[in-house]
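Beneath this line is the structure, given in C-alpha cells, with notes to follow.
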Amino acid sequence: MKVLEREILVIGAGPAGLCAAIAARRAGADVLLVDENAAPGGQLFKQIHRFFGSAEHRAGKRGFEIARELCAEAESLNVEIWLDTVAYGIFKEGVGLVRGSDNYIVKAGAVIVAAGSSEDPVAFPGSTLPGVITAGAAQTLANVHRVLPGKRVVILGSGNVGLILGYQLLQAGAEVAAVVEKAEKIGGYGVHAAKLRRAGVPIITGATVKEAHGSERLEEIVVASPDGKGGFVPGSEKVIEADTLCIAAGMSPLTELLWQAGAKFDFIPELGGFVPLHNERMLTTVEGLYAAGDITGVEEAPIAMEEGVLAGVSAAEAIGRMDAAEAESLRTAARERIAVLESGSFGESRKAARHMQIADMCAKEGN
C-alpha cells in the first residue's frame with residue numbers, strides 16, 4: 001500500500017470533476033483528478049448536440065467539443081490526472097485508490113466527489129431480450145463508436161436524455177417508431193420534443209412498456225396505459241414493431257462513496273432519489289468532503305460544470321489557497337449562471353428541490 005499526499009483529490013473526471021479540478025488548480029492548489037475510465041470527459045463525449053443558452057454556458061458547442069476544451073485546459077494547468085483508477089472507499093486514513101496493480105491511500109486536505117450517476121433499469125417480460133438497451137448504451141454505440149444500435153427504435157422515457165437520443169438516432173439513419181412516456185406529459189424540454197414531432201415521431205404519453213416479444217432478439221413491443229394499481233387498463237394495449245428499445249427512464253446519483261464516508265442524505269425525487277445534503281459551497285456534512293454534479297442531483301451538464309466550479313473554489317479556499325473575498329466573488333458568479341440555467345417552468349421544481357437540499361443541510365448544522 002502506497003501512501004500519497006495531495007492538497008485536493010477530485011474523484012470523477014466528467015464535467016463537474018474537470019471544472020472542480022480546473023478551478024482549484026487556478027487557485028494554485030496541488031490537485032489529483034482520478035477516473036475509472038480510460039479517458040476523461042464523462043458523458044460529454046456522448047453528447048453530439050449543440051448546447052443552448054448563453055456564450056458563458058458554451059452555447060453552440062457540442063458536448064464532445066466542450067470535453068476536449070476542458071481536458072486541454074486541465075492539462076495546460078498541469079492538473080495531475082490518473083485514469084483507469086478506481087476509488088473504492090473514503091476512510092479516516094485517506095481515500096483508497098486502485099491503479100493497475102497498485103493500491104494507494106491518498107491523504108488530501110479536501111476531497112471532491114463528482115462520481116456522476118447511473119441509469120435506472122426497468123423490468124418487464126422480455127426486458128432481457130437482445131435489443132433492449134439503455135439510452136447511454138445507445139449513445140455510446142452511435143455517438144462514440146459510430147455503430148447504429150438498431151434500424152427501428154422505440155425510446156422509453158421522454159426526459160431530455162430520451163428526446164435528445166431520439167433526434168440523434170434519426171440523424172444517424174435509424175427510424176424512431178415512437179417515444180413512450182408513462183406520465184401524462186413529456187418530461188424534457190419542449191424544444192427537444194418539437195424536433196422529434198417535426199420529423200414525424202409520435203410521442204405517446206400516459207403509457208409504458210407492458211412486455212416485449214421476440215424469438216432470438218427484440219421484434220415487437222406492447223405498450224399500454226398503467227391503471228395506477230400495478231396493472232394496465234384493459235384494451236389500452238398497442239403493438240409496435242421494433243428491433244431496439246432504448247430505456248431512458250431516469251438516472252440515479254452514484255452516491256456509494258459518500259454513504260460510506262458517513263455523509264447525511266435526504267430523499268428528493270426531483271433530484272433522482274437519495275442525494276447528499278450540502279451547503280452553498282457544495283460541502284457535505286463530512287468536514288473536508290465536497291460533492292458536485294449528478295451525485296448531488298441529476299441535472300444537465302452545464303449545471304454540473306458550475307457546481308464543479310463551486311466545489312473547486314470552496315475546496316481551494318478551505319485549504320488556504322484562495323482568500324475569502326475572491327472565493328465568494330467566484331461563487332457568486334457561478335450561482336448567477338446556475339440561476340439563469342434554472343430559469344423557466346422546467347427548472348423551477350429542480351431549483352426548489354435544491355433549496356430544500358441546502359435548507360436541510362443548514363438544519364442539520366443547527367443554523
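Residue numbers start at 1 in each chain; chains themselves are named A, B, ... in the order of the C-alpha cells; ligands are numbered from 1 in the order shown.
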For Arg197 of chain A, work out the shell of residues within 12 Å, counting only C-alpha atoms and skipping chain neighbours fewer than 2 positions away, then give it as an mmCIF file with C-alpha atoms, in the first residue's frame.
```
data_model
loop_
_atom_site.group_PDB
_atom_site.id
_atom_site.type_symbol
_atom_site.label_atom_id
_atom_site.label_comp_id
_atom_site.auth_asym_id
_atom_site.auth_seq_id
_atom_site.Cartn_x
_atom_site.Cartn_y
_atom_site.Cartn_z
ATOM 1 C CA LEU A 163 -35.705 13.146 -26.521
ATOM 2 C CA GLY A 166 -34.271 10.130 -30.447
ATOM 3 C CA TYR A 167 -33.131 13.043 -32.575
ATOM 4 C CA LEU A 170 -32.722 9.989 -36.577
ATOM 5 C CA VAL A 176 -37.623 6.157 -34.426
ATOM 6 C CA ALA A 177 -41.001 4.425 -34.244
ATOM 7 C CA ALA A 178 -42.136 6.170 -31.052
ATOM 8 C CA VAL A 179 -41.206 7.773 -27.758
ATOM 9 C CA GLY A 190 -40.248 21.335 -25.404
ATOM 10 C CA VAL A 191 -37.549 22.355 -27.875
ATOM 11 C CA HIS A 192 -36.236 18.773 -27.945
ATOM 12 C CA ALA A 193 -39.715 17.258 -28.290
ATOM 13 C CA ALA A 194 -40.534 19.661 -31.126
ATOM 14 C CA LYS A 195 -37.626 18.371 -33.197
ATOM 15 C CA ALA A 199 -39.744 14.669 -38.001
ATOM 16 C CA GLY A 200 -42.997 12.750 -37.597
ATOM 17 C CA VAL A 201 -42.055 10.782 -34.481
ATOM 18 C CA PRO A 202 -45.109 10.083 -32.285
ATOM 19 C CA ILE A 203 -44.712 10.777 -28.560
ATOM 20 C CA ILE A 204 -47.128 8.532 -26.683
#
```
*From segment 30-99 of chain A, collect each residue whose DSSP state is alpha helix (DSSP H) and return the set as number ranges by chain.*
A: 63-76
_Nearest to Gly230 of chain A, chosen from A:Leu254, A:Ala115, A:Thr208, A:Val180, with only C-alpha atoms counted in the distances_ =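 Using only C-alpha atoms, Gly230 of chain A sits closest to A:Thr208.
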Quick one: residues within 6 Å of segment 99-113 of chain A, only C-alpha atoms, excluding same-chain residues fewer than 4 positions away - as a PDB file with N, CA, C and O atoms, in the first residue's frame?
```pdb
ATOM      1  N   MET A   1       0.845  -1.199   0.000  1.00  0.00           N
ATOM      2  CA  MET A   1       0.000   0.000   0.000  1.00  0.00           C
ATOM      3  C   MET A   1       0.879   1.247   0.000  1.00  0.00           C
ATOM      4  O   MET A   1       1.711   1.423   0.891  1.00  0.00           O
ATOM      5  N   LYS A   2       0.703   2.093  -1.006  1.00  0.00           N
ATOM      6  CA  LYS A   2       1.470   3.325  -1.101  1.00  0.00           C
ATOM      7  C   LYS A   2       0.640   4.486  -0.549  1.00  0.00           C
ATOM      8  O   LYS A   2      -0.550   4.592  -0.842  1.00  0.00           O
ATOM      9  N   VAL A   3       1.264   5.338   0.221  1.00  0.00           N
ATOM     10  CA  VAL A   3       0.583   6.484   0.808  1.00  0.00           C
ATOM     11  C   VAL A   3       1.066   7.758   0.121  1.00  0.00           C
ATOM     12  O   VAL A   3       2.271   8.007   0.034  1.00  0.00           O
ATOM     13  N   LEU A   4       0.120   8.541  -0.391  1.00  0.00           N
ATOM     14  CA  LEU A   4       0.429   9.795  -1.065  1.00  0.00           C
ATOM     15  C   LEU A   4      -0.275  10.947  -0.367  1.00  0.00           C
ATOM     16  O   LEU A   4      -1.296  10.753   0.303  1.00  0.00           O
ATOM     17  N   GLU A   5       0.242  12.137  -0.547  1.00  0.00           N
ATOM     18  CA  GLU A   5      -0.398  13.332  -0.011  1.00  0.00           C
ATOM     19  C   GLU A   5      -0.643  14.326  -1.148  1.00  0.00           C
ATOM     20  O   GLU A   5       0.243  14.575  -1.964  1.00  0.00           O
ATOM     21  N   ARG A   6      -1.850  14.850  -1.207  1.00  0.00           N
ATOM     22  CA  ARG A   6      -2.211  15.884  -2.166  1.00  0.00           C
ATOM     23  C   ARG A   6      -3.081  16.904  -1.442  1.00  0.00           C
ATOM     24  O   ARG A   6      -3.760  16.575  -0.477  1.00  0.00           O
ATOM     25  N   GLU A   7      -3.079  18.126  -1.934  1.00  0.00           N
ATOM     26  CA  GLU A   7      -3.919  19.140  -1.291  1.00  0.00           C
ATOM     27  C   GLU A   7      -5.392  18.877  -1.565  1.00  0.00           C
ATOM     28  O   GLU A   7      -6.227  18.942  -0.658  1.00  0.00           O
ATOM     29  N   ILE A   8      -5.720  18.573  -2.823  1.00  0.00           N
ATOM     30  CA  ILE A   8      -7.116  18.316  -3.203  1.00  0.00           C
ATOM     31  C   ILE A   8      -7.175  17.080  -4.089  1.00  0.00           C
ATOM     32  O   ILE A   8      -6.404  16.950  -5.043  1.00  0.00           O
ATOM     33  N   LEU A   9      -8.083  16.179  -3.758  1.00  0.00           N
ATOM     34  CA  LEU A   9      -8.346  14.999  -4.580  1.00  0.00           C
ATOM     35  C   LEU A   9      -9.745  15.131  -5.160  1.00  0.00           C
ATOM     36  O   LEU A   9     -10.712  15.350  -4.421  1.00  0.00           O
ATOM     37  N   VAL A  10      -9.875  15.002  -6.482  1.00  0.00           N
ATOM     38  CA  VAL A  10     -11.168  15.047  -7.165  1.00  0.00           C
ATOM     39  C   VAL A  10     -11.442  13.663  -7.736  1.00  0.00           C
ATOM     40  O   VAL A  10     -10.628  13.124  -8.492  1.00  0.00           O
ATOM     41  N   ILE A  11     -12.584  13.089  -7.387  1.00  0.00           N
ATOM     42  CA  ILE A  11     -12.966  11.755  -7.851  1.00  0.00           C
ATOM     43  C   ILE A  11     -14.028  11.899  -8.934  1.00  0.00           C
ATOM     44  O   ILE A  11     -15.142  12.340  -8.673  1.00  0.00           O
ATOM     45  N   THR A  85      -8.434   4.387 -12.868  1.00  0.00           N
ATOM     46  CA  THR A  85      -8.186   4.383 -11.425  1.00  0.00           C
ATOM     47  C   THR A  85      -9.511   4.349 -10.677  1.00  0.00           C
ATOM     48  O   THR A  85     -10.382   5.193 -10.915  1.00  0.00           O
ATOM     49  N   GLY A  94      -7.582   8.129   4.742  1.00  0.00           N
ATOM     50  CA  GLY A  94      -7.488   8.746   3.423  1.00  0.00           C
ATOM     51  C   GLY A  94      -8.416   8.059   2.446  1.00  0.00           C
ATOM     52  O   GLY A  94      -9.279   7.263   2.832  1.00  0.00           O
ATOM     53  N   VAL A  95      -8.241   8.335   1.172  1.00  0.00           N
ATOM     54  CA  VAL A  95      -9.067   7.749   0.123  1.00  0.00           C
ATOM     55  C   VAL A  95      -8.327   6.582  -0.506  1.00  0.00           C
ATOM     56  O   VAL A  95      -7.168   6.717  -0.924  1.00  0.00           O
ATOM     57  N   GLY A 288     -14.482  18.646   5.100  1.00  0.00           N
ATOM     58  CA  GLY A 288     -13.481  18.461   4.064  1.00  0.00           C
ATOM     59  C   GLY A 288     -13.938  17.643   2.876  1.00  0.00           C
ATOM     60  O   GLY A 288     -13.161  17.417   1.943  1.00  0.00           O
ATOM     61  N   LEU A 289     -15.212  17.209   2.870  1.00  0.00           N
ATOM     62  CA  LEU A 289     -15.727  16.361   1.795  1.00  0.00           C
ATOM     63  C   LEU A 289     -16.799  17.131   1.017  1.00  0.00           C
ATOM     64  O   LEU A 289     -17.849  17.484   1.555  1.00  0.00           O
ATOM     65  N   TYR A 290     -16.532  17.368  -0.265  1.00  0.00           N
ATOM     66  CA  TYR A 290     -17.422  18.135  -1.132  1.00  0.00           C
ATOM     67  C   TYR A 290     -18.054  17.213  -2.180  1.00  0.00           C
ATOM     68  O   TYR A 290     -17.536  16.130  -2.472  1.00  0.00           O
ATOM     69  N   ALA A 291     -19.159  17.664  -2.750  1.00  0.00           N
ATOM     70  CA  ALA A 291     -19.828  16.896  -3.804  1.00  0.00           C
ATOM     71  C   ALA A 291     -20.233  17.865  -4.911  1.00  0.00           C
ATOM     72  O   ALA A 291     -20.542  19.029  -4.658  1.00  0.00           O
ATOM     73  N   ALA A 315     -13.097  24.347  -2.023  1.00  0.00           N
ATOM     74  CA  ALA A 315     -12.027  23.486  -1.507  1.00  0.00           C
ATOM     75  C   ALA A 315     -10.700  24.237  -1.475  1.00  0.00           C
ATOM     76  O   ALA A 315      -9.926  24.118  -0.511  1.00  0.00           O
TER      77      ALA A 315
END
```
Write out as a tab-separated table the residues of segment 207-304 of chain A that have any atom within 10 Å of an atom of segment 20-37 of chain A, one row each with the nearest atom pair and its distance in Å to one decimal, counting only C-alpha atoms, sorted by chain and then rising number.
```
residue	atom	partner	partner_atom	distance
A:Ala291	CA	A:Ala20	CA	9.9
A:Ala292	CA	A:Ala20	CA	8.1
A:Gly293	CA	A:Ala20	CA	9.8
A:Ala304	CA	A:Ala20	CA	9.8
```
*Point-to-point distance from atom CA of Gly320 of chain A to atom CA of Glu80 of chain A, Å rounded to tenths*: 19.6 Å
At a cut-off of 6 Å, can you tabulate as CSV every residue of segment 235-300 of chain A near segment 130-150 of chain A together with its closest atom pair and the distance in Å to one decimal, using only C-alpha atoms and ordering rows by chain then number?
```
residue,atom,partner,partner_atom,distance
A:Thr244,CA,A:Gly131,CA,4.6
A:Leu245,CA,A:Val132,CA,4.8
A:Cys246,CA,A:Ala135,CA,5.1
A:Ile247,CA,A:Thr134,CA,4.6
A:Ala248,CA,A:Ala135,CA,5.2
```
May I have the selected residues written with all heavy atoms, as a PDB file, in the first residue's frame?
```
ATOM      1  N   THR A 244     -35.170  -2.495 -31.584  1.00  0.00           N
ATOM      2  CA  THR A 244     -34.395  -1.911 -30.492  1.00  0.00           C
ATOM      3  C   THR A 244     -35.315  -1.106 -29.587  1.00  0.00           C
ATOM      4  O   THR A 244     -36.154  -0.340 -30.074  1.00  0.00           O
ATOM      5  CB  THR A 244     -33.278  -0.995 -31.022  1.00  0.00           C
ATOM      6  OG1 THR A 244     -32.467  -1.724 -31.938  1.00  0.00           O
ATOM      7  CG2 THR A 244     -32.405  -0.477 -29.880  1.00  0.00           C
ATOM      8  N   LEU A 245     -35.140  -1.280 -28.292  1.00  0.00           N
ATOM      9  CA  LEU A 245     -35.828  -0.465 -27.288  1.00  0.00           C
ATOM     10  C   LEU A 245     -34.767   0.181 -26.420  1.00  0.00           C
ATOM     11  O   LEU A 245     -33.960  -0.509 -25.783  1.00  0.00           O
ATOM     12  CB  LEU A 245     -36.754  -1.323 -26.419  1.00  0.00           C
ATOM     13  CG  LEU A 245     -37.380  -0.608 -25.215  1.00  0.00           C
ATOM     14  CD1 LEU A 245     -38.302   0.522 -25.662  1.00  0.00           C
ATOM     15  CD2 LEU A 245     -38.147  -1.604 -24.334  1.00  0.00           C
ATOM     16  N   CYS A 246     -34.741   1.513 -26.406  1.00  0.00           N
ATOM     17  CA  CYS A 246     -33.784   2.263 -25.592  1.00  0.00           C
ATOM     18  C   CYS A 246     -34.498   2.768 -24.339  1.00  0.00           C
ATOM     19  O   CYS A 246     -35.460   3.523 -24.440  1.00  0.00           O
ATOM     20  CB  CYS A 246     -33.210   3.440 -26.371  1.00  0.00           C
ATOM     21  SG  CYS A 246     -32.308   2.965 -27.852  1.00  0.00           S
ATOM     22  N   ILE A 247     -34.007   2.353 -23.190  1.00  0.00           N
ATOM     23  CA  ILE A 247     -34.632   2.733 -21.930  1.00  0.00           C
ATOM     24  C   ILE A 247     -33.982   4.005 -21.391  1.00  0.00           C
ATOM     25  O   ILE A 247     -32.795   4.030 -21.065  1.00  0.00           O
ATOM     26  CB  ILE A 247     -34.528   1.602 -20.897  1.00  0.00           C
ATOM     27  CG1 ILE A 247     -35.276   0.369 -21.420  1.00  0.00           C
ATOM     28  CG2 ILE A 247     -35.091   2.041 -19.546  1.00  0.00           C
ATOM     29  CD1 ILE A 247     -35.140  -0.844 -20.538  1.00  0.00           C
ATOM     30  N   ALA A 248     -34.776   5.076 -21.329  1.00  0.00           N
ATOM     31  CA  ALA A 248     -34.314   6.362 -20.806  1.00  0.00           C
ATOM     32  C   ALA A 248     -35.257   6.759 -19.672  1.00  0.00           C
ATOM     33  O   ALA A 248     -35.935   7.781 -19.733  1.00  0.00           O
ATOM     34  CB  ALA A 248     -34.297   7.413 -21.907  1.00  0.00           C
TER      35      ALA A 248
END
```
*Could you pull out the strand (DSSP E or B) residues of segment 60-301 of chain A from DSSP and send them as a PyMOL selection string?*
chain A and resi 62+80-82+85-91+94-99+102-113+117-119+132-134+152-156+175-181+203-205+208-213+220-224+226+232+238-241+244-247+251-253+265-268+273-276+283+289-291
*Who sits within 8 Å of segment 298-300 of chain A, only C-alpha atoms, same chain under 5 positions skipped, as a list in words*: Ser117, Met251, Ser252, Pro253, Leu271, Gly272 and Gly293 of chain A
Keeping only C-alpha atoms, take the residues you just selected and write them out as a compact mmCIF listing (two decimals), in the first residue's frame.
```
# COMPACT_ATOMS: atom_id res chain seq x y z
CA SER A 117 -24.99 8.98 -11.98
CA MET A 251 -30.83 8.41 -13.59
CA SER A 252 -29.77 7.87 -10.00
CA PRO A 253 -26.78 9.58 -8.32
CA LEU A 271 -33.13 15.14 -7.99
CA GLY A 272 -33.06 11.41 -8.65
CA GLY A 293 -22.50 17.27 -10.42
```
*asked:* For a quick check of understanding, using only C-alpha atoms, which of A:Gly273, A:Gly14, A:Gly228, A:Gly262 has the smallest distance to Gln43 of chain A?
replied: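 Closest residue, counting only C-alpha atoms: A:Gly14.
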